[in-house]
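Here's the structure, in structure tokens; my notes come after.
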Amino acid sequence: MKKQLGLWVVFFVICGWGFLCFPDGSEGAAPKEVLIGHLEPLTGGSAATGQSLKMGAEYAVEEINARGGIKSMGGAKLKLIPADHQGVPQVGIAETERLIREGVSMIIGPWYSSIALVATQTAERQKIPFLVDIGIADQITERGLKYTFRMCTPASWIIRKSFGHMMAAAKSHNAVPKTISLIYENSAYGQSNATFMKEACQKGGIQVLLDIPYDRKQMDFSSEVRKIKAANADIIGYTSYIADGIQLLRTMKEQGIRPMMMVGVNDAAFTEMKAFKEALGDYSHYIIDYMGHAMNRKDPRYKALVEGIAKKYKKDADYPVEIGYQSIYLAREVLELAKSSDREKIREAFTKLNYKNHMMASEEPIRFGPDGQNQGADAYFQQVFPDVLTPPIVWPAKFAERKIVWPDPAWKK
Amino acid sequence: MSFLTEFLAALIYGILAGGVYALIAVGLSLYFGLMGIVNFAHGSIVMLGMYAAYYSFTLLGLHPYLSLVLVIPLFFLFGMALETGLFRFMYKAPHNNQFLLTCGLMIVINNIALTAFTANTRTLQIPFLEAGFSVGGIVISYGRFLAFLVGVVFYLLLTLFLRKTMVGKAIRASAQNREGAKLCGINVSKIFTYTFGLGIMLAGLAGLLILPFSGAYPDVGDTFILSAFIIIVLGGMGKISAAFWASLIIGVAEAMGSTFLSSGVKYLFPFLLFIVVLLFRPTGLFVRRT
């Protein structure tokens with residue numbers, strides 16, 4: 001009997017504590033803090049990228065809070081709640097659920113399309129607005145999700161828009177390609193890029209002479225490169241990961257191939273520019289790569305960001321830092337419009353947003369279509385130069401940091 | 001672009017690629033034939049050989065072919081140490097245990113490499129080896145050609161060693177009949193140690209020769225190991241000449257596949273061949289039925 005009494009006491013104490021701690025919502029419409037979940041790979045193979053994304057986002061949050069927070073909400077401060085998906089979909093789902101339990105008003109993330117696909121679905125079920133910062137797989141916004149919005153450029157757009165840029169650059173330099181040879185690694189990544197590329201070529205009137213998928217564990221490209229040499233196309237378009245890309249281009253160097261332009265179609269080897277340049281030497285110069293979503297590097301805010309990051313973290317503001325920074329400013333714009341931390345109002349604000357003073361390298365405002373895709377998202381050319389490590393943006397001209405070199409000076413006609 | 005030139009080009013590229021496979025498969029076949037150890041970590045040893053050549057070039061300034069003098073004794077000793085410290089205890093264990101041990105070893109070595117060398121792809125910049133020479137319009141890479149030549153020389157040396165020297169004869173005797181060899185006074189346990197050392201040395205050598213025309217990264221070994229096993233099964237277990245010729249066959253089959261069909265199906269030929277051989281000649285192409 002005594003024992004039972006003790007249990008009852010414990011039960012009531014716990015209930016009472018829970019009752020006292022539970023927020024009753026009487027604080028009024030303007031909360032002091034808006035919680036934003038930030039889901040990125042903070043450990044694992046892409047940890048460096050995830051840490052950079054987080055650094056950029058944290059920096060933006062501090063800047064916004066120091067300048068008076070969200071004005072339409074009486075100066076409410078932003079609070080970032082980091083979460084780590086480790087590159088594993090199961091962890092991505094669990095971390096999304098944790099963020100939702102912690103009461104975030106929206107979630108931003110993630111690097112890895114595979115995580116974006118599952119995390120957005122989890123958020124959709126619980127009606128949490130999800131801003132995809134850098135997952136490029138087309139399907140992310142093709143599933144009719146109501147709470148998913150994407151800032152960056154989807155893969156098919158990158159290729160379609162970059163292809164247009166390529167033709168414009170070629171015309172302005174009076175060296176227009178007529179033929180192309182395509183070689184790409186044969187997993188979903190290379191295959192989907194090649195499919196979009198072939199569509200673009202067909203529409204653009206460029207003849208595809210060769211279409212070579214390869215296994216990325218392949219050790220020898222001699223036969224493939226011999227075919228490429230014989231075809232002698234104006235453009236060689238390739239999609240690779242790093243080790244196979246190096247092997248492929250080295251074999252081309254060996255066999256003395258140099259087209260009007262060597263073009264990486266969303267090439268992953270460009271993310272490891274140091275190894276790429278080391279392995280290929282002069283041969284890497286003036287290779288072009290298609291890329292999606294960039295910050296306008298002529299915007300004074302870009303310069304301020306680079307200086308700020310260097311001062312505060314003693315690091316270079318790389319591409320992921322830019323993405324993290326911009327996504328928070330986009331979130332601020334949405335919150336200003338929503339005037340509330342309520343998830344439904346935030347979702348509504350996303351659909352009504354027309355953000356003109358953004359930092360993205362695009363002339364269009366950021367507006368989300370009915371599928372949640374940012375309609376202003378654009379694509380760019382980056383080109384390898386001998387004197388700088390990070391390839392500068394060279395096209396479209398309005399956002400170019402340098403003048404494009406076209407055709408390749410080493411072109412063997 | 002006549003058919004004949006294309007055929008010749010595919011043949012040459014295939015033989016050169018087969019030479020690379022042979023470098024790896026012969027070492028594996030050597031100790032697989034003697035001790036019956038299925039070593040999945042063999043590819044990881046090749047990877048270590050690549051890094052050894054890379055660092056002796058960048059840190060000591062040794063030309064990759066000169067680093068032979070360093071790599072050969074080092075990997076021989078490493079192999080002997082592995083045998084006495086680890087593999088010795090596995091000969092009587094069931095095959096699935098050997099499989100688990102060597103897979104574990106592969107993961108351990110790859111992860112140590114990842115920590116020590118980072119995931120960056122390392123390449124050598126030697127202008128001479130990055131170029132190629134042309135024979136009748138067929139461009140051949142110096143790096144691949146030299147790897148093939150040095151590989152063949154080492155293969156011939158190994159064959160001579162096994163046929164002419166006492167230790168070589170003892171190795172062959174132990175492979176044929178372990179008990180009989182023991183009765184003749186051969187220290188079989190010592191022979192095992194030497195043979196394993198030789199196999200690991202050949203793997204290290206393979207890495208060194210492959211590096212100039214490719215790149216080193218921690219899990220590069222995984223690309224070699226499957227082909228190596230197919231080769232030794234295709235050729236026939238436990239005969240190094242079988243592994244050598246089977247390597248050339250696989251190399252040529254792949255090159256023909258990517259020249260006359262598509263690169264996507266280049267692995268179709270070797271695997272079809274593999275299945276046919278398993279069905280009709282399970283002892284392998286070059287080993288007589290007993």
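To be explicit about the labels: the chains of the structure tokens are called A, B, and onward in the order shown, and within each one the residues are counted from 1, while ligands get numbers from 1 in the order they are shown.
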Contacts of A:Leu35 at 8 Å (only C-alpha atoms; same-chain gap of 6+ positions) as a VMD selection string | chain A and resid 78 to 81 103 to 106
Spatial neighbours of B:Gly143, max dist 10 Å, only C-alpha atoms, sep filter under 6 positions, as a list in words | Glu254 of chain A; Ile126, Phe128, Leu129, Glu130, Ala131, Gly132, Leu149, Leu209, Ile210, Leu211, Pro212, Phe213 and Ser214 of chain B
Could you write out as a count of residues only the residues of chain A within 7 Å of chain B, counting only C-alpha atoms?
-> 15
Residue contacts of A:Gly109 (6 Å, only C-alpha atoms) excluding same-chain residues fewer than 6 positions away, as a VMD selection string | chain A and resid 38 to 40 132 to 133
Could you write out the selected residues, including N, CA and C atoms, as an mmCIF file, in the first residue's frame?
data_model
loop_
_atom_site.group_PDB
_atom_site.id
_atom_site.type_symbol
_atom_site.label_atom_id
_atom_site.label_comp_id
_atom_site.auth_asym_id
_atom_site.auth_seq_id
_atom_site.Cartn_x
_atom_site.Cartn_y
_atom_site.Cartn_z
ATOM 1 N N HIS A 38 18.182 23.215 -39.579
ATOM 2 C CA HIS A 38 19.175 23.254 -40.663
ATOM 3 C C HIS A 38 19.774 21.862 -40.797
ATOM 4 N N LEU A 39 19.319 21.111 -41.795
ATOM 5 C CA LEU A 39 19.672 19.696 -41.952
ATOM 6 C C LEU A 39 20.753 19.544 -43.018
ATOM 7 N N GLU A 40 21.985 19.240 -42.590
ATOM 8 C CA GLU A 40 23.095 19.101 -43.540
ATOM 9 C C GLU A 40 24.005 17.950 -43.104
ATOM 10 N N VAL A 132 14.490 23.587 -49.813
ATOM 11 C CA VAL A 132 15.621 22.796 -50.315
ATOM 12 C C VAL A 132 16.664 23.776 -50.844
ATOM 13 N N ASP A 133 17.846 23.769 -50.215
ATOM 14 C CA ASP A 133 18.847 24.750 -50.646
ATOM 15 C C ASP A 133 19.686 24.259 -51.822
#
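Residues of stretch 66-223 of chain B that DSSP, applied to the backbone, places in strand (DSSP E): Gly132, Phe133, Ser134, Val135, Ile138, Val139, Ile140 and Ser141 of chain B.
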Same residues, N, CA and C atoms, output as a compact mmCIF listing (two decimals), in the first residue's frame:
# COMPACT_ATOMS: atom_id res chain seq x y z
N GLY B 132 52.27 9.72 -75.35
CA GLY B 132 52.13 8.43 -76.01
C GLY B 132 52.91 8.43 -77.30
N PHE B 133 53.15 7.23 -77.85
CA PHE B 133 53.80 7.18 -79.17
C PHE B 133 52.87 6.47 -80.14
N SER B 134 53.04 6.80 -81.42
CA SER B 134 52.08 6.32 -82.40
C SER B 134 52.72 5.25 -83.29
N VAL B 135 52.04 4.12 -83.42
CA VAL B 135 52.49 3.07 -84.35
C VAL B 135 51.38 2.88 -85.37
N ILE B 138 48.08 4.14 -84.27
CA ILE B 138 47.56 3.66 -82.98
C ILE B 138 48.42 4.27 -81.88
N VAL B 139 47.80 5.13 -81.07
CA VAL B 139 48.58 5.82 -80.03
C VAL B 139 48.69 4.93 -78.79
N ILE B 140 49.92 4.68 -78.38
CA ILE B 140 50.15 3.81 -77.21
C ILE B 140 50.80 4.64 -76.11
N SER B 141 50.27 4.49 -74.90
CA SER B 141 50.80 5.27 -73.78
C SER B 141 52.12 4.67 -73.29
For atom CA of A:Gly56 and atom CA of A:Ala361, quote the distance in Å rounded to one decimal.
-> 17.3 Å
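Distance-wise, atom CA of B:Phe75 and atom CA of B:Ala175 end up 22.4 Å apart.
Contact shell of B:Gly85 at 12 Å (only C-alpha atoms; same-chain neighbours under 6 positions omitted): Leu77, Phe78, Gly79, Thr193 and Phe196 of chain B.
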Those of stretch 109-175 of chain B in DSSP alpha helix (DSSP H), formatted as a ChimeraX atom specification = /B:109-117,127-130,142-164,166-175
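Look at A:Ser72: the protein and nucleic acid residues within 9 Å of it, using only C-alpha atoms and passing over chain neighbours fewer than 5 places away, are Leu335, Glu336, Leu337, Ala338, Lys339 and Ser340 of chain A.
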Okay, now the selection with N, CA and C atoms, as a short mmCIF file (atom, residue, chain, number, x, y, z; two decimals), in the first residue's frame?
data_model
loop_
_atom_site.label_atom_id
_atom_site.label_comp_id
_atom_site.auth_asym_id
_atom_site.auth_seq_id
_atom_site.Cartn_x
_atom_site.Cartn_y
_atom_site.Cartn_z
N LEU A 335 9.77 35.13 -43.85
CA LEU A 335 9.24 35.42 -42.52
C LEU A 335 8.70 36.85 -42.43
N GLU A 336 9.39 37.78 -43.08
CA GLU A 336 8.92 39.17 -43.09
C GLU A 336 7.52 39.23 -43.71
N LEU A 337 7.34 38.43 -44.76
CA LEU A 337 6.07 38.41 -45.46
C LEU A 337 5.00 37.68 -44.64
N ALA A 338 5.40 36.62 -43.96
CA ALA A 338 4.45 35.81 -43.19
C ALA A 338 4.01 36.53 -41.92
N LYS A 339 4.86 37.37 -41.36
CA LYS A 339 4.62 38.11 -40.12
C LYS A 339 4.28 37.16 -38.96
N SER A 340 4.72 35.94 -39.03
CA SER A 340 4.36 34.97 -37.99
C SER A 340 5.29 33.77 -38.07
#
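For the atom pair formed by atom CA of A:Ala410 and atom CA of A:Ile159, the distance is 25.0 Å, given to one decimal.
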Compile the contact shell of stretch 35-48 of chain B as a PyMOL selection string: residues with an atom at most 6 Å away, counting only C-alpha atoms, same-chain residues fewer than 2 positions apart removed.
-> chain B and resi 31-33+50-51+102-103+106+203-204+207+221+224-225
Tell me, as an mmCIF file with C-alpha atoms, in the first residue's frame, which residues lie within 12 Å of stretch 203-206 of chain A, counting only C-alpha atoms; anything in the same chain fewer than 6 positions away does not count.
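Final output, saved to out25.cif:
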data_model
loop_
_atom_site.group_PDB
_atom_site.id
_atom_site.type_symbol
_atom_site.label_atom_id
_atom_site.label_comp_id
_atom_site.auth_asym_id
_atom_site.auth_seq_id
_atom_site.Cartn_x
_atom_site.Cartn_y
_atom_site.Cartn_z
ATOM 1 C CA ARG A 160 19.061 23.221 -70.777
ATOM 2 C CA LYS A 161 20.060 26.734 -69.693
ATOM 3 C CA SER A 162 23.809 26.081 -69.883
ATOM 4 C CA PHE A 163 23.391 24.661 -73.338
ATOM 5 C CA GLY A 164 21.744 27.926 -74.358
ATOM 6 C CA HIS A 165 24.607 29.853 -72.774
ATOM 7 C CA MET A 166 27.111 27.686 -74.635
ATOM 8 C CA MET A 167 25.511 28.445 -77.988
ATOM 9 C CA ALA A 168 25.300 32.161 -77.174
ATOM 10 C CA VAL A 176 29.806 27.664 -83.445
ATOM 11 C CA PRO A 177 29.953 23.914 -82.803
ATOM 12 C CA LYS A 178 28.069 21.567 -85.109
ATOM 13 C CA THR A 179 28.937 18.191 -83.611
ATOM 14 C CA ILE A 180 29.427 16.723 -80.147
ATOM 15 C CA SER A 181 30.748 13.472 -78.663
ATOM 16 C CA LEU A 182 29.283 12.477 -75.300
ATOM 17 C CA PHE A 196 19.055 15.981 -70.824
ATOM 18 C CA MET A 197 22.133 16.836 -72.863
ATOM 19 C CA ALA A 233 33.625 16.369 -82.877
ATOM 20 C CA ASP A 234 33.671 20.112 -82.157
ATOM 21 C CA ILE A 235 32.676 19.579 -78.526
#
